[in-house]
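Asker: Shown below is the structure under consideration.
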Amino acid sequence: MENQEKKIEVLKKILEESHYTVILGGSGMMEESGYQGIKMPERAYEIERRYGVSPEDIFTSVFYNNRTAQFFEFYRNEMLMDPPQPTESAYAAARMEQAGKLQCIIDANIFEQPQRGGCRNVISLHGSIYQNSCPHCKRTYSMEYVRDSGKIPRCESCGRVIRPGVMLFGEMMDSTLMSEATRQIESAEVLLLLGTSISSEVFSKYVRYFEGSKLVIVHREPHDLDERADLVILDEPKNVLSKLGF
């Protein structure tokens, strides 16, 4: 415990001295709020048992286009009915931002936890359940509209099927968001990985653009490449960020 407290003091000093800090927020940020990802073995098995299809197959544009009613049954029940709430990580990050000690958050969090916790400069690489639109006329719709619609949510203006504002499995990431994320990491003096690792499937390609002074990792379990970081704290991010005093 004493060693952990010392590490948190070191992290606080690193952040206080940094002129440009960027957070990479991974799946651990959702898990600390109790959310279990649809690729997690236990939940994936339950989804396949319930819908007769694996999440890797159902959460795709092919399924959205060809088996639309079943896609929205899944999407509504598994993602919209009880989205995870912001944790202390989001509120602490917002305080860091307000204190001028955090310049950007880059995450794959489709539930907008940082934004709902008060953060302003957030790049959500995988989109958001709160941003939905008609692919034809571009009219936008709230998460609640999609959640509370009948079997298939349709545009009130032109009748087309509404497109959820999230990146489905197998789709290409938005190139504009990727470019901005890369620019932010290149600008960072401190890169703070929360709930993810250097070898992350989502973030590994971004970490290589970091040329700043301090790479810090805060996640629950150790990983092979942790040794590359300047500081590693093994804990849930909410337990660490809440002790920084911002």
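Identifiers for the structure tokens are assigned positionally: chains receive A, B, ... in sequence, residues are indexed from 1 per chain, and ligands are indexed from 1 in the order shown.
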Just the residues within 12 Å of Ile47 in chain A, please, counting only C-alpha atoms, with nothing from its chain fewer than 4 positions along; format it as a short mmCIF file (atom, residue, chain, number, x, y, z; two decimals) with N, CA, C and O atoms, in the first residue's frame.
Answerer:
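Contents of the output file selection03.cif:
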```cif
data_model
loop_
_atom_site.label_atom_id
_atom_site.label_comp_id
_atom_site.auth_asym_id
_atom_site.auth_seq_id
_atom_site.Cartn_x
_atom_site.Cartn_y
_atom_site.Cartn_z
N GLN A 36 -19.80 -5.30 -18.74
CA GLN A 36 -19.08 -6.44 -19.30
C GLN A 36 -19.21 -6.38 -20.82
O GLN A 36 -20.31 -6.46 -21.37
N GLY A 37 -18.10 -6.25 -21.53
CA GLY A 37 -18.11 -6.13 -22.98
C GLY A 37 -18.72 -7.34 -23.67
O GLY A 37 -18.65 -8.46 -23.14
N ILE A 38 -19.29 -7.13 -24.85
CA ILE A 38 -19.99 -8.22 -25.54
C ILE A 38 -19.04 -9.28 -26.09
O ILE A 38 -19.48 -10.35 -26.51
N LYS A 39 -17.73 -8.99 -26.08
CA LYS A 39 -16.76 -9.99 -26.52
C LYS A 39 -16.24 -10.84 -25.35
O LYS A 39 -15.56 -11.83 -25.58
N MET A 40 -16.55 -10.43 -24.14
CA MET A 40 -16.12 -11.21 -22.99
C MET A 40 -16.76 -12.60 -23.06
O MET A 40 -17.97 -12.70 -23.34
N PRO A 41 -15.98 -13.67 -22.83
CA PRO A 41 -16.48 -15.03 -23.05
C PRO A 41 -17.84 -15.34 -22.44
O PRO A 41 -18.72 -15.88 -23.11
N GLU A 42 -18.01 -14.99 -21.17
CA GLU A 42 -19.27 -15.30 -20.50
C GLU A 42 -20.45 -14.61 -21.16
O GLU A 42 -21.50 -15.22 -21.41
N ARG A 43 -20.26 -13.31 -21.45
CA ARG A 43 -21.37 -12.57 -22.04
C ARG A 43 -21.59 -12.97 -23.50
O ARG A 43 -22.73 -13.04 -23.97
N TYR A 51 -29.73 -15.14 -28.77
CA TYR A 51 -30.10 -14.69 -30.11
C TYR A 51 -29.80 -15.71 -31.21
O TYR A 51 -30.17 -15.51 -32.37
N GLY A 52 -29.06 -16.75 -30.86
CA GLY A 52 -28.72 -17.76 -31.86
C GLY A 52 -27.59 -17.33 -32.78
O GLY A 52 -27.31 -17.99 -33.78
N VAL A 53 -26.95 -16.21 -32.44
CA VAL A 53 -25.86 -15.67 -33.26
C VAL A 53 -24.80 -15.10 -32.33
O VAL A 53 -25.13 -14.54 -31.28
N SER A 54 -23.54 -15.20 -32.72
CA SER A 54 -22.47 -14.65 -31.89
C SER A 54 -22.47 -13.13 -31.99
O SER A 54 -22.90 -12.56 -33.00
N PRO A 55 -21.96 -12.44 -30.96
CA PRO A 55 -21.89 -10.97 -31.04
C PRO A 55 -21.01 -10.49 -32.19
O PRO A 55 -21.26 -9.43 -32.77
N GLU A 56 -19.97 -11.26 -32.54
CA GLU A 56 -19.11 -10.89 -33.67
C GLU A 56 -19.87 -10.88 -34.99
O GLU A 56 -19.50 -10.16 -35.92
N ASP A 57 -20.94 -11.67 -35.07
CA ASP A 57 -21.75 -11.71 -36.29
C ASP A 57 -22.90 -10.71 -36.26
O ASP A 57 -23.23 -10.09 -37.27
N ILE A 58 -23.53 -10.57 -35.09
CA ILE A 58 -24.73 -9.75 -35.03
C ILE A 58 -24.42 -8.25 -35.01
O ILE A 58 -25.19 -7.44 -35.54
N PHE A 59 -23.28 -7.87 -34.42
CA PHE A 59 -22.95 -6.45 -34.31
C PHE A 59 -22.12 -6.02 -35.51
O PHE A 59 -21.00 -5.53 -35.40
N GLU A 73 -33.10 -5.55 -32.00
CA GLU A 73 -33.47 -6.23 -30.77
C GLU A 73 -32.24 -6.42 -29.88
O GLU A 73 -32.26 -6.13 -28.68
N PHE A 74 -31.18 -6.88 -30.50
CA PHE A 74 -29.91 -7.06 -29.79
C PHE A 74 -29.37 -5.72 -29.30
O PHE A 74 -29.01 -5.56 -28.12
N TYR A 75 -29.28 -4.75 -30.19
CA TYR A 75 -28.68 -3.45 -29.88
C TYR A 75 -29.44 -2.75 -28.74
O TYR A 75 -28.84 -2.21 -27.82
N ASN A 77 -31.50 -4.18 -26.44
CA ASN A 77 -31.46 -4.91 -25.16
C ASN A 77 -30.07 -4.93 -24.53
O ASN A 77 -29.93 -4.82 -23.31
N GLU A 78 -29.04 -5.08 -25.35
CA GLU A 78 -27.69 -5.30 -24.82
C GLU A 78 -26.89 -4.02 -24.62
O GLU A 78 -25.92 -4.01 -23.86
N MET A 79 -27.25 -2.93 -25.30
CA MET A 79 -26.43 -1.73 -25.23
C MET A 79 -27.17 -0.47 -24.80
O MET A 79 -26.55 0.45 -24.27
#
```
Asker: Give me every alpha helix (DSSP H) residue in range 19-227 of chain A, going by DSSP on the backbone, as a PyMOL selection string.
Answerer: chain A and resi 28-31+41-51+55-58+61-66+68-75+88-98+113-116+143-148+175-187+204-207
Asker: Once DSSP has gone over the backbone, tell me which residues of range 60-123 of chain A are in strand (DSSP E), as number ranges by chain.
Answerer: A: 104-107, 122-123
Asker: Could you list, with a cut-off of 12 Å and counting only C-alpha atoms, the residues of range 110-164 of chain A near range 187-203 of chain A, each shown with its nearest atom pair and the distance in Å rounded to one decimal, rows sorted by chain and ascending number, as JSON lines?
Answerer:
```
{"residue": "A:Ser124", "atom": "CA", "partner": "A:Val202", "partner_atom": "CA", "distance": 11.9}
{"residue": "A:Leu125", "atom": "CA", "partner": "A:Val202", "partner_atom": "CA", "distance": 9.2}
{"residue": "A:His126", "atom": "CA", "partner": "A:Val202", "partner_atom": "CA", "distance": 9.8}
```
Asker: How would the residues just chosen look if you wrote them out with N, CA, C and O atoms as a CSV table (one decimal), in the first residue's frame?
Answerer:
```csv
chain,number,residue,atom,x,y,z
A,124,SER,N,-13.9,10.1,-29.4
A,124,SER,CA,-14.5,8.8,-29.3
A,124,SER,C,-14.3,8.0,-30.6
A,124,SER,O,-15.1,8.2,-31.5
A,125,LEU,N,-13.3,7.2,-30.6
A,125,LEU,CA,-12.9,6.5,-31.9
A,125,LEU,C,-14.0,5.6,-32.4
A,125,LEU,O,-14.1,5.4,-33.6
A,126,HIS,N,-14.8,5.0,-31.5
A,126,HIS,CA,-15.8,4.0,-32.0
A,126,HIS,C,-17.2,4.6,-32.0
A,126,HIS,O,-18.2,3.9,-32.1
```
Asker: Restricting the calculation to only C-alpha atoms: of A:Arg160, A:Arg228, A:Lys238, A:His219, which residue gets closest to Cys134 in chain A?
Answerer: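 Result for the nearest residue to Cys134 in chain A: A:Arg160.
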Asker: Residues within 10 Å of Thr21 in chain A, please, as a list in words. Count only C-alpha atoms; anything in the same chain fewer than 2 positions from it doesn't count.
Answerer: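 Residues meeting the cut-off are Ile14, Leu15, Glu16, Glu17, Ser18, His19, Ile23, Met96, Glu97, Gly100, Lys101, Leu102, Gln103, Cys104, Ile105, Gln184, Ile185, Ser187, Ala188, Glu189, Val190, Leu191, Leu192, Gly212 and Lys214 of chain A.
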Asker: For N, CA, C and O atoms, I'd like the residues from the last selection saved as a compact mmCIF listing (two decimals), in the first residue's frame.
Answerer:
```txt
# COMPACT_ATOMS: atom_id res chain seq x y z
N ILE A 14 4.25 14.14 -12.00
CA ILE A 14 4.38 14.08 -13.46
C ILE A 14 3.31 14.94 -14.13
O ILE A 14 3.59 15.70 -15.06
N LEU A 15 2.08 14.82 -13.64
CA LEU A 15 0.97 15.57 -14.25
C LEU A 15 1.08 17.06 -13.96
O LEU A 15 0.76 17.89 -14.83
N GLU A 16 1.52 17.41 -12.78
CA GLU A 16 1.67 18.83 -12.43
C GLU A 16 2.73 19.51 -13.28
O GLU A 16 2.61 20.69 -13.62
N GLU A 17 3.77 18.76 -13.65
CA GLU A 17 4.87 19.33 -14.43
C GLU A 17 4.62 19.28 -15.94
O GLU A 17 5.34 19.92 -16.71
N SER A 18 3.62 18.51 -16.36
CA SER A 18 3.35 18.35 -17.78
C SER A 18 2.63 19.57 -18.37
O SER A 18 1.75 20.16 -17.74
N HIS A 19 3.02 19.92 -19.58
CA HIS A 19 2.34 21.01 -20.29
C HIS A 19 1.30 20.48 -21.28
O HIS A 19 0.50 21.25 -21.80
N ILE A 23 -4.89 11.31 -22.40
CA ILE A 23 -5.32 10.02 -21.85
C ILE A 23 -5.77 9.11 -22.99
O ILE A 23 -6.51 9.55 -23.89
N MET A 96 -9.19 17.47 -13.83
CA MET A 96 -7.85 17.66 -14.42
C MET A 96 -7.94 18.61 -15.61
O MET A 96 -7.10 19.51 -15.77
N GLU A 97 -8.94 18.41 -16.44
CA GLU A 97 -9.13 19.25 -17.62
C GLU A 97 -9.36 20.70 -17.20
O GLU A 97 -8.76 21.63 -17.76
N GLY A 100 -6.36 22.55 -16.22
CA GLY A 100 -5.37 22.73 -17.28
C GLY A 100 -4.32 21.64 -17.32
O GLY A 100 -3.27 21.80 -17.94
N LYS A 101 -4.62 20.48 -16.67
CA LYS A 101 -3.65 19.39 -16.59
C LYS A 101 -4.03 18.20 -17.46
O LYS A 101 -3.42 17.14 -17.37
N LEU A 102 -5.04 18.35 -18.28
CA LEU A 102 -5.42 17.31 -19.24
C LEU A 102 -5.92 18.00 -20.50
O LEU A 102 -6.86 18.81 -20.44
N GLN A 103 -5.29 17.68 -21.62
CA GLN A 103 -5.64 18.37 -22.86
C GLN A 103 -6.59 17.56 -23.76
O GLN A 103 -7.33 18.12 -24.55
N CYS A 104 -6.56 16.22 -23.64
CA CYS A 104 -7.41 15.42 -24.52
C CYS A 104 -7.58 14.01 -23.96
O CYS A 104 -6.66 13.46 -23.35
N ILE A 105 -8.75 13.44 -24.17
CA ILE A 105 -9.00 12.02 -23.90
C ILE A 105 -9.33 11.34 -25.23
O ILE A 105 -10.16 11.83 -26.00
N GLN A 184 -2.83 14.42 -31.55
CA GLN A 184 -2.84 14.66 -30.10
C GLN A 184 -1.72 13.89 -29.41
O GLN A 184 -1.03 14.42 -28.53
N ILE A 185 -1.52 12.64 -29.81
CA ILE A 185 -0.48 11.82 -29.18
C ILE A 185 0.91 12.35 -29.53
O ILE A 185 1.81 12.36 -28.68
N SER A 187 1.61 15.35 -29.93
CA SER A 187 1.78 16.60 -29.16
C SER A 187 2.00 16.35 -27.68
O SER A 187 2.43 17.26 -26.95
N ALA A 188 1.69 15.15 -27.21
CA ALA A 188 1.68 14.88 -25.77
C ALA A 188 3.07 14.85 -25.16
O ALA A 188 4.00 14.25 -25.71
N GLU A 189 3.17 15.47 -24.02
CA GLU A 189 4.37 15.38 -23.19
C GLU A 189 4.25 14.18 -22.26
O GLU A 189 5.22 13.49 -21.97
N VAL A 190 3.00 13.94 -21.80
CA VAL A 190 2.69 12.78 -20.97
C VAL A 190 1.53 12.03 -21.61
O VAL A 190 0.51 12.63 -21.97
N LEU A 191 1.70 10.71 -21.75
CA LEU A 191 0.63 9.86 -22.27
C LEU A 191 0.22 8.91 -21.15
O LEU A 191 1.02 8.15 -20.62
N LEU A 192 -1.05 8.99 -20.79
CA LEU A 192 -1.58 8.24 -19.66
C LEU A 192 -2.55 7.18 -20.16
O LEU A 192 -3.63 7.49 -20.66
N GLY A 212 6.87 11.80 -26.32
CA GLY A 212 6.99 12.69 -25.18
C GLY A 212 7.91 12.14 -24.10
O GLY A 212 8.68 11.20 -24.33
N LYS A 214 7.00 11.11 -20.68
CA LYS A 214 6.55 10.13 -19.69
C LYS A 214 5.35 9.33 -20.23
O LYS A 214 4.33 9.89 -20.62
```
Asker: Mind checking which residues fall within 10 Å of Lys243 in chain A, counting only C-alpha atoms, ignoring those fewer than 6 positions away in the same chain, and posting them as number ranges by chain?
Answerer: A: 5, 8-9, 12, 92
Asker: Atoms to include: C-alpha atoms. Write the selected residues as a PDB file, in the first residue's frame.
Answerer:
```
ATOM      1  CA  GLU A   5       0.810   5.705  -2.443  1.00  0.00           C
ATOM      2  CA  ILE A   8       0.403   8.009  -6.970  1.00  0.00           C
ATOM      3  CA  GLU A   9       2.535  10.874  -5.621  1.00  0.00           C
ATOM      4  CA  LYS A  12       0.722  13.628  -9.436  1.00  0.00           C
ATOM      5  CA  ALA A  92     -11.492  13.237 -11.902  1.00  0.00           C
TER       6      ALA A  92
END
```
Asker: Find the residue from A:Ala44, A:Leu168, A:Ala93, A:Val10 that sits nearest to Gly25 in chain A; use only C-alpha atoms when measuring.
Answerer: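 Ranked by minimum distance to Gly25 in chain A, first place goes to A:Ala93.
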Asker: So how far away is CA of Ser61 in chain A from CA of Gly34 in chain A, in Å?
Answerer: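 Atom-to-atom, CA of Gly34 in chain A to CA of Ser61 in chain A, that is 27.2 Å.
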Asker: Check the smallest atom-to-atom distance from each of A:Glu221, A:Phe246, A:Ser142, A:Ser133 to Ala94 in chain A using only C-alpha atoms, then report the winner.
Answerer: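 Residue with the minimum atom-to-atom distance to Ala94 in chain A: A:Phe246.
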Asker: Between A:Pro164, A:Lys151, A:Asn109, A:Arg50, which one has atoms that come closest to Gly28 in chain A, using only C-alpha atoms?
Answerer: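 Checking each candidate against Gly28 in chain A, we get A:Asn109 as the closest.
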Asker: List the neighbours of Val232 in chain A out to 10 Å using only C-alpha atoms; skip same-chain residues closer than 5 positions along the sequence, and give me the result as a list of chain:residue names.
Answerer: A:Gln4, A:Lys7, A:Ile8, A:Leu11, A:Leu192, A:Leu193, A:Leu215, A:Val216, A:Ile217, A:Val218, A:His219, A:Pro222, A:Asp226, A:Glu227
Asker: Just give me the gap between CA of Ile106 in chain A and CA of Ile123 in chain A in Å, one decimal is fine.
Answerer: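 Spanning CA of Ile106 in chain A to CA of Ile123 in chain A is a straight-line distance of 4.7 Å.
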Asker: Between A:Tyr64, A:Glu144, A:Lys13, A:Leu80, single out the one closest to Leu244 in chain A, counting only C-alpha atoms.
Answerer: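 Smallest separation from Leu244 in chain A among the options: A:Lys13.
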Asker: So what do you get for CA of Glu112 in chain A versus CA of Arg95 in chain A, distance-wise?
Answerer: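 CA of Arg95 in chain A lies 16.6 Å from CA of Glu112 in chain A.
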